[in-house]
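Report on the following structure.
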Amino acid sequence: MIDWHIVCDFDGTITRTDVIDSILQRFADPRWEAIEDEWLAGDIGSRECLRRQLSLVKAPPAELLGFFDSIDIDPDFPDFVAHVIGLGASLEVVSDGIEQGIARILARHYVSLLPILANRLRQVDHHSWRIDFPHSSDACRAASGNCKCKSTPSAKRVLVIGDGQSDMCVAATADFVFAKDRLAEHCERNGIAYARFDSFAELPALLALLPNASAANATSFNVETQELFHHV
């Protein structure tokens with residue numbers, strides 16, 4: 001048994017593409033790109049960014065559902081879920097994306113029992129939508145739609161799996177991080193303990209290298225383990 005609580009991002013981590021960006025590219029007024037630039041520049045948080053961008057989406061429900069059904073996930077993710085649950089770890093999908101889309105995409109790939117913490121899409125009229133933020137926090141340093149730090153229990157060690165900006169805040173407080181892309185670069189720049197990965201097929205072996213002592217004991221990894229992950 002292991003005592004890790006795994007906080008796993010969705011867009012760009014479980015999926016190969018960012019689902020919300022793909023929705024905006026296909027269904028939104030082009031003004032969404034200027035809003036994206038404000039977010040990337042740090043002028044607004046992701047909650048404000050998503051609120052404004054999703055109000056520009058015009059699509060009937062059937063088209064959105066059909067779009068969700070076109071999204072593929074990392075083919076090794078279902079096996080990884082079965083592996084970590086078998087080890088006794090807990091795993092939540094925690095995303096700044098859309099809860100209904102995540103649930104539908106995962107169910108299509110036979111992953112249907114995981115807790116999902118994400119934003120919720122609401123229909124305004126036949127073609128228009130808004131996004132609600134049930135997991136936001138006014139204290140969130142990143143002004144995110146979903147404050148991922150709220151999903152980290154104090155009783156367990158926290159392992160974050162992610163790829164981008166929405167994972168950076170929670171990565172700073174995690175016990176360890178499996179990272180792709182911008183998140184890996186962020187961890188490298190800021191001295192956050194991490195291992196870089198590309199596919200969930202790599203993660204069972206990496207997970208086996210993590211120490212199994214309780215979080216209250218000690219600091220982190222021994223010198224040999226730190227050195228090993230430094231070269232991953």
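Simple scheme: letters A, B, ... for chains in structure tokens order, numbers from 1 for residues in each chain, numbers from 1 for ligands in the order shown.
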Would you give me, as CSV, each residue of segment 76-185 of chain A having an atom within 10 Å of an atom of segment 198-210 of chain A, along with its shortest atom pair and that distance in Å to one decimal, using only C-alpha atoms and sorting by chain and residue number?
residue,atom,partner,partner_atom,distance
A:Asp76,CA,A:Phe200,CA,5.4
A:Phe77,CA,A:Phe200,CA,5.6
A:Pro78,CA,A:Phe200,CA,9.0
A:Asp79,CA,A:Ala201,CA,8.3
A:Phe80,CA,A:Phe200,CA,6.5
A:Val81,CA,A:Phe200,CA,9.5
A:His83,CA,A:Pro204,CA,7.4
A:Val84,CA,A:Pro204,CA,7.9
A:Leu159,CA,A:Leu207,CA,9.5
A:Ile161,CA,A:Leu203,CA,9.8
A:Asp163,CA,A:Asp198,CA,9.8
A:Phe176,CA,A:Leu210,CA,8.6
A:Phe178,CA,A:Leu203,CA,8.1
A:Ala179,CA,A:Asp198,CA,8.3
A:Lys180,CA,A:Asp198,CA,6.4
A:Asp181,CA,A:Asp198,CA,8.8
Practice prompt. Find the spatial neighbours of Ile85 of chain A, counting only C-alpha atoms, within a cut-off of 12 Å - ignore same-chain residues fewer than 5 positions away - and output them as a VMD selection string.
Written response: chain A and resid 1 to 6 78 to 80 90 to 92 113 to 114 204
Practice prompt. Check segment 17-215 of chain A with DSSP on the backbone and list each residue it calls strand (DSSP E or B), as an NGL selection string.
Written response: :A and (28 or 57-58 or 73 or 90-98 or 116-123 or 128-132 or 157-162 or 176-179 or 194-196)
Export, as an mmCIF file, in the first residue's frame, the selected residues with N, CA and C atoms.
data_model
loop_
_atom_site.group_PDB
_atom_site.id
_atom_site.type_symbol
_atom_site.label_atom_id
_atom_site.label_comp_id
_atom_site.auth_asym_id
_atom_site.auth_seq_id
_atom_site.Cartn_x
_atom_site.Cartn_y
_atom_site.Cartn_z
ATOM 1 N N ALA A 28 -15.753 29.531 -31.293
ATOM 2 C CA ALA A 28 -15.810 30.854 -30.666
ATOM 3 C C ALA A 28 -15.475 31.980 -31.641
ATOM 4 N N VAL A 57 -18.468 31.388 -27.256
ATOM 5 C CA VAL A 57 -18.753 30.125 -27.946
ATOM 6 C C VAL A 57 -20.208 30.098 -28.396
ATOM 7 N N LYS A 58 -20.421 29.740 -29.663
ATOM 8 C CA LYS A 58 -21.762 29.588 -30.215
ATOM 9 C C LYS A 58 -21.847 28.197 -30.855
ATOM 10 N N ILE A 73 -7.548 10.217 -25.625
ATOM 11 C CA ILE A 73 -6.684 10.366 -24.458
ATOM 12 C C ILE A 73 -5.426 9.533 -24.649
ATOM 13 N N SER A 90 -4.848 7.209 -3.952
ATOM 14 C CA SER A 90 -6.074 7.871 -4.403
ATOM 15 C C SER A 90 -5.719 8.797 -5.558
ATOM 16 N N LEU A 91 -6.645 8.948 -6.499
ATOM 17 C CA LEU A 91 -6.388 9.753 -7.699
ATOM 18 C C LEU A 91 -7.630 10.564 -8.024
ATOM 19 N N GLU A 92 -7.443 11.851 -8.246
ATOM 20 C CA GLU A 92 -8.511 12.734 -8.706
ATOM 21 C C GLU A 92 -8.058 13.439 -9.977
ATOM 22 N N VAL A 93 -8.983 13.596 -10.913
ATOM 23 C CA VAL A 93 -8.738 14.445 -12.072
ATOM 24 C C VAL A 93 -9.148 15.857 -11.666
ATOM 25 N N VAL A 94 -8.178 16.756 -11.618
ATOM 26 C CA VAL A 94 -8.419 18.128 -11.159
ATOM 27 C C VAL A 94 -8.004 19.056 -12.300
ATOM 28 N N SER A 95 -8.974 19.755 -12.855
ATOM 29 C CA SER A 95 -8.745 20.454 -14.117
ATOM 30 C C SER A 95 -9.380 21.832 -14.108
ATOM 31 N N ASP A 96 -8.771 22.759 -14.849
ATOM 32 C CA ASP A 96 -9.385 24.056 -15.097
ATOM 33 C C ASP A 96 -10.225 24.001 -16.370
ATOM 34 N N GLY A 97 -10.560 22.765 -16.793
ATOM 35 C CA GLY A 97 -11.393 22.562 -17.969
ATOM 36 C C GLY A 97 -12.854 22.365 -17.603
ATOM 37 N N ILE A 98 -13.576 21.612 -18.430
ATOM 38 C CA ILE A 98 -15.028 21.473 -18.335
ATOM 39 C C ILE A 98 -15.389 20.085 -17.819
ATOM 40 N N ILE A 116 -13.875 13.838 -10.345
ATOM 41 C CA ILE A 116 -13.496 14.902 -11.279
ATOM 42 C C ILE A 116 -13.841 16.237 -10.638
ATOM 43 N N LEU A 117 -12.834 17.082 -10.476
ATOM 44 C CA LEU A 117 -13.042 18.444 -9.983
ATOM 45 C C LEU A 117 -12.696 19.395 -11.122
ATOM 46 N N ALA A 118 -13.703 20.064 -11.650
ATOM 47 C CA ALA A 118 -13.483 20.944 -12.797
ATOM 48 C C ALA A 118 -14.592 21.977 -12.857
ATOM 49 N N ASN A 119 -14.476 22.887 -13.807
ATOM 50 C CA ASN A 119 -15.493 23.907 -14.025
ATOM 51 C C ASN A 119 -16.698 23.296 -14.744
ATOM 52 N N ARG A 120 -17.844 23.969 -14.654
ATOM 53 C CA ARG A 120 -19.066 23.412 -15.231
ATOM 54 C C ARG A 120 -19.633 24.335 -16.294
ATOM 55 N N LEU A 121 -19.944 23.757 -17.433
ATOM 56 C CA LEU A 121 -20.532 24.508 -18.536
ATOM 57 C C LEU A 121 -22.047 24.556 -18.350
ATOM 58 N N ARG A 122 -22.617 25.734 -18.534
ATOM 59 C CA ARG A 122 -24.064 25.919 -18.396
ATOM 60 C C ARG A 122 -24.622 26.500 -19.687
ATOM 61 N N GLN A 123 -25.768 25.969 -20.113
ATOM 62 C CA GLN A 123 -26.400 26.445 -21.337
ATOM 63 C C GLN A 123 -27.227 27.691 -21.045
ATOM 64 N N SER A 128 -25.757 29.372 -26.879
ATOM 65 C CA SER A 128 -24.845 30.146 -26.040
ATOM 66 C C SER A 128 -24.606 29.451 -24.700
ATOM 67 N N TRP A 129 -23.423 29.783 -24.109
ATOM 68 C CA TRP A 129 -22.983 29.071 -22.916
ATOM 69 C C TRP A 129 -22.310 30.028 -21.938
ATOM 70 N N ARG A 130 -22.286 29.603 -20.684
ATOM 71 C CA ARG A 130 -21.466 30.274 -19.688
ATOM 72 C C ARG A 130 -20.730 29.189 -18.908
ATOM 73 N N ILE A 131 -19.726 29.577 -18.155
ATOM 74 C CA ILE A 131 -18.981 28.620 -17.358
ATOM 75 C C ILE A 131 -19.055 29.022 -15.890
ATOM 76 N N ASP A 132 -19.328 28.041 -15.036
ATOM 77 C CA ASP A 132 -19.392 28.248 -13.591
ATOM 78 C C ASP A 132 -18.166 27.636 -12.926
ATOM 79 N N ARG A 157 0.705 12.284 1.230
ATOM 80 C CA ARG A 157 1.644 12.969 0.353
ATOM 81 C C ARG A 157 0.980 13.205 -0.995
ATOM 82 N N VAL A 158 1.314 14.317 -1.604
ATOM 83 C CA VAL A 158 0.648 14.741 -2.836
ATOM 84 C C VAL A 158 1.603 14.606 -4.015
ATOM 85 N N LEU A 159 1.139 13.903 -5.034
ATOM 86 C CA LEU A 159 1.847 13.774 -6.300
ATOM 87 C C LEU A 159 1.024 14.485 -7.364
ATOM 88 N N VAL A 160 1.609 15.479 -8.011
ATOM 89 C CA VAL A 160 0.930 16.226 -9.072
ATOM 90 C C VAL A 160 1.404 15.708 -10.426
ATOM 91 N N ILE A 161 0.456 15.500 -11.333
ATOM 92 C CA ILE A 161 0.767 15.131 -12.717
ATOM 93 C C ILE A 161 0.161 16.202 -13.611
ATOM 94 N N GLY A 162 0.988 16.893 -14.391
ATOM 95 C CA GLY A 162 0.441 17.972 -15.197
ATOM 96 C C GLY A 162 1.387 18.453 -16.271
ATOM 97 N N PHE A 176 5.893 15.720 -4.804
ATOM 98 C CA PHE A 176 6.627 15.399 -6.025
ATOM 99 C C PHE A 176 5.727 15.685 -7.210
ATOM 100 N N VAL A 177 6.340 15.847 -8.400
ATOM 101 C CA VAL A 177 5.610 16.202 -9.611
ATOM 102 C C VAL A 177 6.101 15.330 -10.764
ATOM 103 N N PHE A 178 5.162 14.785 -11.525
ATOM 104 C CA PHE A 178 5.450 14.221 -12.840
ATOM 105 C C PHE A 178 5.000 15.273 -13.854
ATOM 106 N N ALA A 179 5.918 15.766 -14.674
ATOM 107 C CA ALA A 179 5.629 16.977 -15.458
ATOM 108 C C ALA A 179 5.962 16.809 -16.934
ATOM 109 N N TYR A 194 10.820 16.934 -9.392
ATOM 110 C CA TYR A 194 9.963 16.449 -10.462
ATOM 111 C C TYR A 194 10.694 15.424 -11.311
ATOM 112 N N ALA A 195 9.906 14.697 -12.088
ATOM 113 C CA ALA A 195 10.433 13.851 -13.159
ATOM 114 C C ALA A 195 9.666 14.183 -14.431
ATOM 115 N N ARG A 196 10.371 14.319 -15.518
ATOM 116 C CA ARG A 196 9.742 14.613 -16.806
ATOM 117 C C ARG A 196 9.209 13.319 -17.422
#
Fill in: Spatial neighbours of Phe27 of chain A, max dist 9 Å, only C-alpha atoms, sep filter under 4 positions, as a PyMOL selection string
chain A and resi 22-23+56-59+64
Take the selection from the previous step and output its residues with C-alpha atoms, as a PDB file, in the first residue's frame.
ATOM      1  CA  SER A  22      -9.862  23.339 -29.427  1.00  0.00           C
ATOM      2  CA  ILE A  23     -13.456  24.323 -28.570  1.00  0.00           C
ATOM      3  CA  LEU A  56     -17.962  33.783 -27.121  1.00  0.00           C
ATOM      4  CA  VAL A  57     -18.753  30.125 -27.946  1.00  0.00           C
ATOM      5  CA  LYS A  58     -21.762  29.588 -30.215  1.00  0.00           C
ATOM      6  CA  ALA A  59     -22.713  25.941 -30.693  1.00  0.00           C
ATOM      7  CA  LEU A  64     -20.432  20.203 -28.473  1.00  0.00           C
TER       8      LEU A  64
END
Worksheet item: So what do you get for atom CA of Cys149 of chain A versus atom CA of Pro134 of chain A, distance-wise?
Response: 14.0 Å
Response to the item:
What separates atom CA of Arg26 of chain A and atom CA of Asp125 of chain A is a distance of 18.7 Å
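Of the listed residues (A:Phe133, A:Ser166, A:Thr173, A:Val19), A:Thr173 comes nearest to Thr152 of chain A; the distances count only C-alpha atoms.
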Fill in: Near-Arg52 of chain A list (8 Å; only C-alpha atoms; drop same-chain fewer than 4 positions) as a VMD selection string
chain A and resid 32 35 48 56
Worksheet item: Which of these, A:Arg47, A:Arg189, A:Arg104, A:His109, has the shortest distance to Met168 of chain A once you count only C-alpha atoms?
Response: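 Between A:Arg47, A:Arg189, A:Arg104, A:His109, the residue approaching Met168 of chain A most closely is A:Arg189.
Of the residues listed (A:Glu188, A:Asp167, A:Asp21, A:Asp72), A:Asp21 shows the shortest atom-to-atom separation from Glu36 of chain A; distances use only C-alpha atoms.
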Discussion item. If I take atom CA of Gly164 of chain A and atom CA of Gly45 of chain A, how far is one from the other in Å, to one decimal?
Written reply: 14.1 Å
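Residues in contact range of Arg108 of chain A, defined as at most 12 Å between only C-alpha atoms, with sequence neighbours fewer than 4 positions away removed, read Leu65, Phe68, Asp69, Ser70, Ile71, Asp72, Ile73, Pro75, Pro78, Gly101, Ile102, Ala103, Arg104 and Ser112 of chain A.
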Would you put the residues from that selection into a file with N, CA and C atoms, as a JSON list (two decimals), in the first residue's frame?
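Writing the result to result_14.json gives the following:
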[["chain", "number", "residue", "atom", "x", "y", "z"],
["A", 65, "LEU", "N", -21.29, 18.00, -27.91],
["A", 65, "LEU", "CA", -21.15, 16.59, -27.54],
["A", 65, "LEU", "C", -20.38, 15.83, -28.61],
["A", 68, "PHE", "N", -16.73, 16.61, -28.12],
["A", 68, "PHE", "CA", -16.13, 15.85, -27.02],
["A", 68, "PHE", "C", -15.85, 14.41, -27.44],
["A", 69, "ASP", "N", -16.73, 13.84, -28.24],
["A", 69, "ASP", "CA", -16.57, 12.45, -28.65],
["A", 69, "ASP", "C", -15.43, 12.26, -29.64],
["A", 70, "SER", "N", -14.87, 13.36, -30.15],
["A", 70, "SER", "CA", -13.74, 13.25, -31.09],
["A", 70, "SER", "C", -12.39, 13.31, -30.38],
["A", 71, "ILE", "N", -12.39, 13.54, -29.05],
["A", 71, "ILE", "CA", -11.15, 13.75, -28.30],
["A", 71, "ILE", "C", -10.60, 12.41, -27.81],
["A", 72, "ASP", "N", -9.35, 12.16, -28.11],
["A", 72, "ASP", "CA", -8.68, 10.95, -27.63],
["A", 72, "ASP", "C", -7.84, 11.27, -26.40],
["A", 73, "ILE", "N", -7.55, 10.22, -25.63],
["A", 73, "ILE", "CA", -6.68, 10.37, -24.46],
["A", 73, "ILE", "C", -5.43, 9.53, -24.65],
["A", 75, "PRO", "N", -3.45, 6.54, -24.50],
["A", 75, "PRO", "CA", -3.99, 5.18, -24.42],
["A", 75, "PRO", "C", -3.53, 4.40, -23.19],
["A", 78, "PRO", "N", -5.80, 4.58, -18.85],
["A", 78, "PRO", "CA", -6.64, 3.64, -18.10],
["A", 78, "PRO", "C", -5.83, 2.60, -17.33],
["A", 101, "GLY", "N", -17.36, 17.64, -20.18],
["A", 101, "GLY", "CA", -16.54, 17.12, -21.26],
["A", 101, "GLY", "C", -15.56, 16.08, -20.77],
["A", 102, "ILE", "N", -14.93, 16.34, -19.63],
["A", 102, "ILE", "CA", -13.97, 15.39, -19.07],
["A", 102, "ILE", "C", -14.65, 14.06, -18.77],
["A", 103, "ALA", "N", -15.81, 14.12, -18.11],
["A", 103, "ALA", "CA", -16.52, 12.89, -17.76],
["A", 103, "ALA", "C", -16.91, 12.11, -19.01],
["A", 104, "ARG", "N", -17.38, 12.80, -20.04],
["A", 104, "ARG", "CA", -17.80, 12.10, -21.26],
["A", 104, "ARG", "C", -16.60, 11.48, -21.98],
["A", 112, "SER", "N", -14.50, 5.61, -15.67],
["A", 112, "SER", "CA", -15.74, 6.28, -15.28],
["A", 112, "SER", "C", -15.93, 6.43, -13.78]]
